[in-house]
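First up is the structure itself, then whatever we jot down about it.
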Amino acid sequence: MKEREEENVVALYAGEQQPEGQEWQKSIPAQVFLNYFFAINYHIKNTTGNGLEHLAFFREAKPELTEKDTEAVKRLLQNSWSTEYALRATAELGDESYMRNALHWTFPQAYYTVFAGLQAFLRTRGVNTNNDALVLREAGRLVVKNAYPHAISFYASGHYDDFNIHRLPLAHYKPGLQIAGKELEAQAQVGQFLRTTRRMKAKAVRQFVQGNSATAIRSSKTGEILQKFGPQHWQQLTWRVGYTTLFDLMARLRISSSHREIERFVQADIDFKLFHESLLEIVSYLNGIHEAYVAQAMGIQQYETFVQELPKHLQNSFVAARLNEQIKPLLLPGEDYQLGAAA
């Protein structure tokens with residue numbers, strides 16, 4: 001049963017929604033997955049305070065990088081940008097049929113470009129690790145500390161099936177199967193995505209802990225490793241789960257190209273172009289946030305020189321566009337905006 005749950009991760013999203021029609025039901029998991037990422041993008045674009053300019057954490061952050069750190073950050077950013085370049089190329093190449101079959105690589109690309117950018121940001125904060133779980137845990141702490149704009153500062157906490165959603169006031173509403181057209185629906189869908197993802201994280205932690213005789217929780221009566229968990233047992237694992245944030249939601253895209261679940265997506269009747277567009281806009285937004293923090297840590301002049309010396313395929317690209325349109329106005333005093341303490 002556990003293996004079946006893990007193999008059908010996306011199908012879990014549709015657990016509470018059963019519209020009529022067998023053909024439509026086959027597309028439910030993919031449609032719900034699309035809904036979630038569209039809702040995230042909708043929420044980002046329609047939330048006041050989706051930039052860094054008024055964020056106290058950003059204004060106060062002035063880390064100093066060693067030469068070794070700087071070189072590591074540059075490598076991570078180049079990995080991030082090359083992956084984003086490949087993700088963007090799919091949109092440029094293709095019609096909906098192409099995008100449908102491109103899911104084998106666009107899903108992991110969307111995650112890994114953000115993951116590499118996140119690692120670069122964390123490196124400026126003294127965190128150096130390639131371990132996915134540790135990176136996500138550190139990202140969770142920074143989300144809670146308000147290192148990110150309000151639009152993406154939401155997170156879930158709490159024990160198994162007793163979760164709390166923070167900074168997403170409409171998340172308690174039950175979502176439908178339609179694409180979000182208003183903020184209530186977007187928050188409802190993101191809230192459900194947080195809950196289902198946190199539930200899966202908790203189950204994965206239980207499997208890891210109970211699979212090791214040295215860490216397994218045992219029956220107080222028999223001393224045997226517990227097979228059934230009650231609330232008191234789940235509570236012993238909550239600290240290991242950390243916070244569940246947008247970055248955990250992005251991590252749900254790590255689906256192997258050989259995974260049969262991808263085939264269910266490919267065969268589904270959904271708007272693949274809209275799906276790709278939503279992913280790309282989220283990726284661009286998150287990467288831009290991390291790039292701003294890195295530019296601040298490196299110094300805007302050194303960062304600009306770095307961008308100008310990028311490989312040919314990244315010259316005069318989205319990287320330079322974000323530098324000129326987002327990062328420079330943020331870090332350099334302008335006619336309409338003064339950064340103040342961090343200028």
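Each chain in the structure tokens gets a letter, A, B, ..., in the order shown, and its residues are numbered from 1; ligands are numbered from 1 in order too.
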
Can you tell me, as a CSV table (one decimal) with N, CA and C atoms, in the first residue's frame, what residues are no more than 8 Å from stretch 198-206 of chain A when counting only C-alpha atoms, ignoring any on the same chain fewer than 6 positions away?
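Saved as out-v6.csv:
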```csv
chain,number,residue,atom,x,y,z
A,156,ALA,N,3.2,26.0,5.6
A,156,ALA,CA,2.4,25.1,6.5
A,156,ALA,C,3.3,24.6,7.6
A,160,TYR,N,0.9,15.9,11.8
A,160,TYR,CA,0.2,15.2,10.7
A,160,TYR,C,-1.3,15.3,10.8
A,161,ASP,N,-1.9,15.7,9.7
A,161,ASP,CA,-3.3,15.9,9.6
A,161,ASP,C,-3.9,16.9,10.7
A,237,LEU,N,7.6,13.2,15.2
A,237,LEU,CA,8.3,13.4,13.9
A,237,LEU,C,8.2,14.8,13.3
A,238,THR,N,7.3,15.6,13.9
A,238,THR,CA,7.1,16.9,13.2
A,238,THR,C,8.3,17.7,13.1
A,240,ARG,N,11.2,16.9,12.4
A,240,ARG,CA,12.0,16.5,11.3
A,240,ARG,C,11.4,16.9,9.9
A,241,VAL,N,10.1,17.3,9.9
A,241,VAL,CA,9.5,17.7,8.7
A,241,VAL,C,9.8,19.1,8.3
A,244,THR,N,6.7,23.6,5.5
A,244,THR,CA,6.4,23.3,4.1
A,244,THR,C,6.1,24.6,3.4
```

**Item:** Picked from stretch 52-286 of chain A by DSSP as strand (DSSP E), as a PyMOL selection string
**Value:** chain A and resi 155-159+162-166

**Prompt:** Quick one: distance from atom CA of A:Phe275 to atom CA of A:Leu34 in Å, one decimal?
**Reply:** 5.7 Å

**Residue nearest A:Val307 - candidates A:Leu76, A:Leu52, A:Val319, A:Thr66, atoms counted: only C-alpha atoms** = A:Val319

**Prompt:** Contacts of stretch 43-46 of chain A at 7 Å or less, counting only C-alpha atoms, minus same-chain residues fewer than 6 places along, as number ranges by chain?
**Reply:** A: 151-152, 183, 186

May I have the selected residues written with all heavy atoms, as a PDB file, in the first residue's frame?
```
ATOM      1  N   ALA A 151       4.086  37.786  -1.030  1.00  0.00           N
ATOM      2  CA  ALA A 151       3.375  36.922  -1.986  1.00  0.00           C
ATOM      3  C   ALA A 151       3.791  35.465  -1.897  1.00  0.00           C
ATOM      4  O   ALA A 151       3.008  34.571  -2.220  1.00  0.00           O
ATOM      5  CB  ALA A 151       3.600  37.433  -3.415  1.00  0.00           C
ATOM      6  N   ILE A 152       5.017  35.192  -1.440  1.00  0.00           N
ATOM      7  CA  ILE A 152       5.489  33.804  -1.347  1.00  0.00           C
ATOM      8  C   ILE A 152       5.965  33.469   0.069  1.00  0.00           C
ATOM      9  O   ILE A 152       6.754  32.554   0.268  1.00  0.00           O
ATOM     10  CB  ILE A 152       6.608  33.498  -2.363  1.00  0.00           C
ATOM     11  CG1 ILE A 152       7.758  34.495  -2.240  1.00  0.00           C
ATOM     12  CG2 ILE A 152       6.042  33.504  -3.778  1.00  0.00           C
ATOM     13  CD1 ILE A 152       8.974  34.122  -3.073  1.00  0.00           C
ATOM     14  N   GLU A 183      -8.844  35.607  -6.191  1.00  0.00           N
ATOM     15  CA  GLU A 183      -7.847  35.327  -5.160  1.00  0.00           C
ATOM     16  C   GLU A 183      -8.306  34.246  -4.177  1.00  0.00           C
ATOM     17  O   GLU A 183      -7.509  33.433  -3.724  1.00  0.00           O
ATOM     18  CB  GLU A 183      -7.513  36.614  -4.393  1.00  0.00           C
ATOM     19  CG  GLU A 183      -6.427  36.466  -3.327  1.00  0.00           C
ATOM     20  CD  GLU A 183      -5.062  36.057  -3.871  1.00  0.00           C
ATOM     21  OE1 GLU A 183      -4.842  36.119  -5.099  1.00  0.00           O
ATOM     22  OE2 GLU A 183      -4.206  35.665  -3.056  1.00  0.00           O
ATOM     23  N   ALA A 186      -7.574  30.948  -5.761  1.00  0.00           N
ATOM     24  CA  ALA A 186      -6.129  30.711  -5.835  1.00  0.00           C
ATOM     25  C   ALA A 186      -5.586  30.283  -4.474  1.00  0.00           C
ATOM     26  O   ALA A 186      -4.843  29.301  -4.366  1.00  0.00           O
ATOM     27  CB  ALA A 186      -5.416  31.974  -6.322  1.00  0.00           C
TER      28      ALA A 186
END
```

**Item:** DSSP alpha helix (DSSP H) residues within stretch 231-334 of chain A, listed as a count of residues only
**Value:** 67

**Item:** Neighbour list for A:Asn128 as a PyMOL selection string, cut-off 8 Å, only C-alpha atoms, skip fewer than 5 positions in-chain
**Value:** chain A and resi 119+122-123

May I have the selected residues written with all heavy atoms, as a CSV table (one decimal), in the first residue's frame?
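What landed in out-v9.csv:
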```csv
chain,number,residue,atom,x,y,z
A,119,GLN,N,20.2,27.6,-3.9
A,119,GLN,CA,21.5,27.2,-3.4
A,119,GLN,C,22.5,28.4,-3.4
A,119,GLN,O,23.3,28.7,-2.4
A,119,GLN,CB,22.2,26.1,-4.1
A,119,GLN,CG,21.6,24.7,-3.8
A,119,GLN,CD,22.4,23.6,-4.6
A,119,GLN,OE1,22.3,23.5,-5.8
A,119,GLN,NE2,23.2,22.9,-3.9
A,122,LEU,N,21.5,30.7,-0.6
A,122,LEU,CA,21.9,30.2,0.7
A,122,LEU,C,23.4,30.3,0.9
A,122,LEU,O,23.9,30.5,2.0
A,122,LEU,CB,21.4,28.7,0.8
A,122,LEU,CG,19.9,28.5,0.9
A,122,LEU,CD1,19.6,27.0,0.9
A,122,LEU,CD2,19.3,29.2,2.1
A,123,ARG,N,24.2,30.1,-0.2
A,123,ARG,CA,25.6,30.2,-0.1
A,123,ARG,C,26.0,31.6,0.4
A,123,ARG,O,27.0,31.8,1.2
A,123,ARG,CB,26.3,29.9,-1.4
A,123,ARG,CG,27.8,29.8,-1.3
A,123,ARG,CD,28.3,28.6,-0.5
A,123,ARG,NE,29.7,28.6,-0.4
A,123,ARG,CZ,30.6,27.7,-1.0
A,123,ARG,NH1,30.0,26.8,-1.8
A,123,ARG,NH2,31.8,27.8,-0.8
```

Report as a CSV table (one decimal) with all heavy atoms, in the first residue's frame all protein, DNA and RNA residues lying within 7 Å of A:Lys62, evaluated on only C-alpha atoms, omitting residues in the same chain fewer than 2 positions from it.
```csv
chain,number,residue,atom,x,y,z
A,60,GLU,N,18.3,44.9,5.4
A,60,GLU,CA,19.3,44.7,6.5
A,60,GLU,C,20.4,43.7,6.1
A,60,GLU,O,21.5,43.6,6.8
A,60,GLU,CB,18.6,44.2,7.8
A,60,GLU,CG,17.7,45.2,8.3
A,60,GLU,CD,16.7,44.6,9.3
A,60,GLU,OE1,16.8,43.4,9.6
A,60,GLU,OE2,15.8,45.3,9.9
A,64,GLU,N,29.1,39.3,3.5
A,64,GLU,CA,30.3,39.5,2.8
A,64,GLU,C,30.8,38.1,2.3
A,64,GLU,O,30.8,37.2,3.1
A,64,GLU,CB,31.4,40.1,3.7
A,64,GLU,CG,31.1,41.6,4.1
A,64,GLU,CD,32.2,42.1,5.0
A,64,GLU,OE1,33.3,41.5,5.1
A,64,GLU,OE2,32.1,43.3,5.5
A,297,ALA,N,24.9,40.7,-2.3
A,297,ALA,CA,26.1,40.2,-1.6
A,297,ALA,C,27.4,40.4,-2.4
A,297,ALA,O,28.4,40.7,-1.8
A,297,ALA,CB,25.8,38.7,-1.3
```

**Request:** Identify, on the basis of only C-alpha atoms, every residue whose closest approach to A:Phe58 does not exceed 9 Å; exclude the query and any residue fewer than 6 positions from it along the same chain; express the result as a PyMOL selection string.
**Result:** chain A and resi 52+147-148+293+296+342

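Proximity to A:Gly299 was assessed for A:Ile225, A:Ala86, A:Leu65, A:Ala171 counting only C-alpha atoms; the smallest distance is recorded for A:Leu65.
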
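Distances to A:Phe33 were evaluated for A:Leu330, A:Ile289, A:Leu177, A:Leu226 using only C-alpha atoms, and the minimum falls at A:Leu177.
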
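Taking only C-alpha atoms into account, A:Ala292 lies nearest to A:Leu77 out of the set A:Leu77, A:Leu280, A:Met250, A:Met99.
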
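Taking atom CA of A:Thr106 and atom CA of A:Arg322 as the two end points, the separation is 21.5 Å.
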
**Item:** Distance query A:Arg100 at most 9 Å, only C-alpha atoms, self and fewer than 4 positions along chain excluded, as a ChimeraX atom specification
**Value:** /A:95-96,104,265-268,271-273

Could you dump the residues just selected with N, CA and C atoms as a PDB file, in the first residue's frame?
```
ATOM      1  N   ASP A  95       4.501  24.016 -30.057  1.00  0.00           N
ATOM      2  CA  ASP A  95       3.057  24.046 -29.954  1.00  0.00           C
ATOM      3  C   ASP A  95       2.660  23.188 -28.754  1.00  0.00           C
ATOM      4  N   GLU A  96       1.352  23.064 -28.549  1.00  0.00           N
ATOM      5  CA  GLU A  96       0.883  22.342 -27.364  1.00  0.00           C
ATOM      6  C   GLU A  96       1.287  20.880 -27.377  1.00  0.00           C
ATOM      7  N   HIS A 104       8.518  15.386 -19.750  1.00  0.00           N
ATOM      8  CA  HIS A 104       9.549  14.511 -19.205  1.00  0.00           C
ATOM      9  C   HIS A 104      10.755  15.306 -18.713  1.00  0.00           C
ATOM     10  N   PHE A 265       0.150  12.271 -17.352  1.00  0.00           N
ATOM     11  CA  PHE A 265       0.084  13.689 -17.682  1.00  0.00           C
ATOM     12  C   PHE A 265       0.037  13.883 -19.187  1.00  0.00           C
ATOM     13  N   VAL A 266       0.909  13.180 -19.887  1.00  0.00           N
ATOM     14  CA  VAL A 266       1.005  13.327 -21.334  1.00  0.00           C
ATOM     15  C   VAL A 266      -0.326  12.993 -22.007  1.00  0.00           C
ATOM     16  N   GLN A 267      -1.038  12.029 -21.455  1.00  0.00           N
ATOM     17  CA  GLN A 267      -2.293  11.588 -22.050  1.00  0.00           C
ATOM     18  C   GLN A 267      -3.503  12.398 -21.578  1.00  0.00           C
ATOM     19  N   ALA A 268      -3.289  13.305 -20.645  1.00  0.00           N
ATOM     20  CA  ALA A 268      -4.406  14.055 -20.080  1.00  0.00           C
ATOM     21  C   ALA A 268      -4.889  15.152 -21.031  1.00  0.00           C
ATOM     22  N   ASP A 271      -4.574  22.066 -20.603  1.00  0.00           N
ATOM     23  CA  ASP A 271      -3.934  23.132 -21.366  1.00  0.00           C
ATOM     24  C   ASP A 271      -2.433  23.126 -21.061  1.00  0.00           C
ATOM     25  N   PHE A 272      -1.662  22.402 -21.860  1.00  0.00           N
ATOM     26  CA  PHE A 272      -0.234  22.262 -21.596  1.00  0.00           C
ATOM     27  C   PHE A 272       0.522  23.569 -21.793  1.00  0.00           C
ATOM     28  N   LYS A 273       0.053  24.386 -22.725  1.00  0.00           N
ATOM     29  CA  LYS A 273       0.715  25.668 -22.944  1.00  0.00           C
ATOM     30  C   LYS A 273       0.563  26.561 -21.725  1.00  0.00           C
TER      31      LYS A 273
END
```

**Asked** Taking only C-alpha atoms into account, which of A:Ala320, A:Ala91, A:Leu331, A:Ile165 comes nearest A:Glu277?
**Response** A:Ala91

**Prompt:** Taking into account only C-alpha atoms, which residue in the set A:Thr197, A:Gln326, A:Thr70, A:Asn212 is nearest to A:Gly126?
**Reply:** A:Thr70
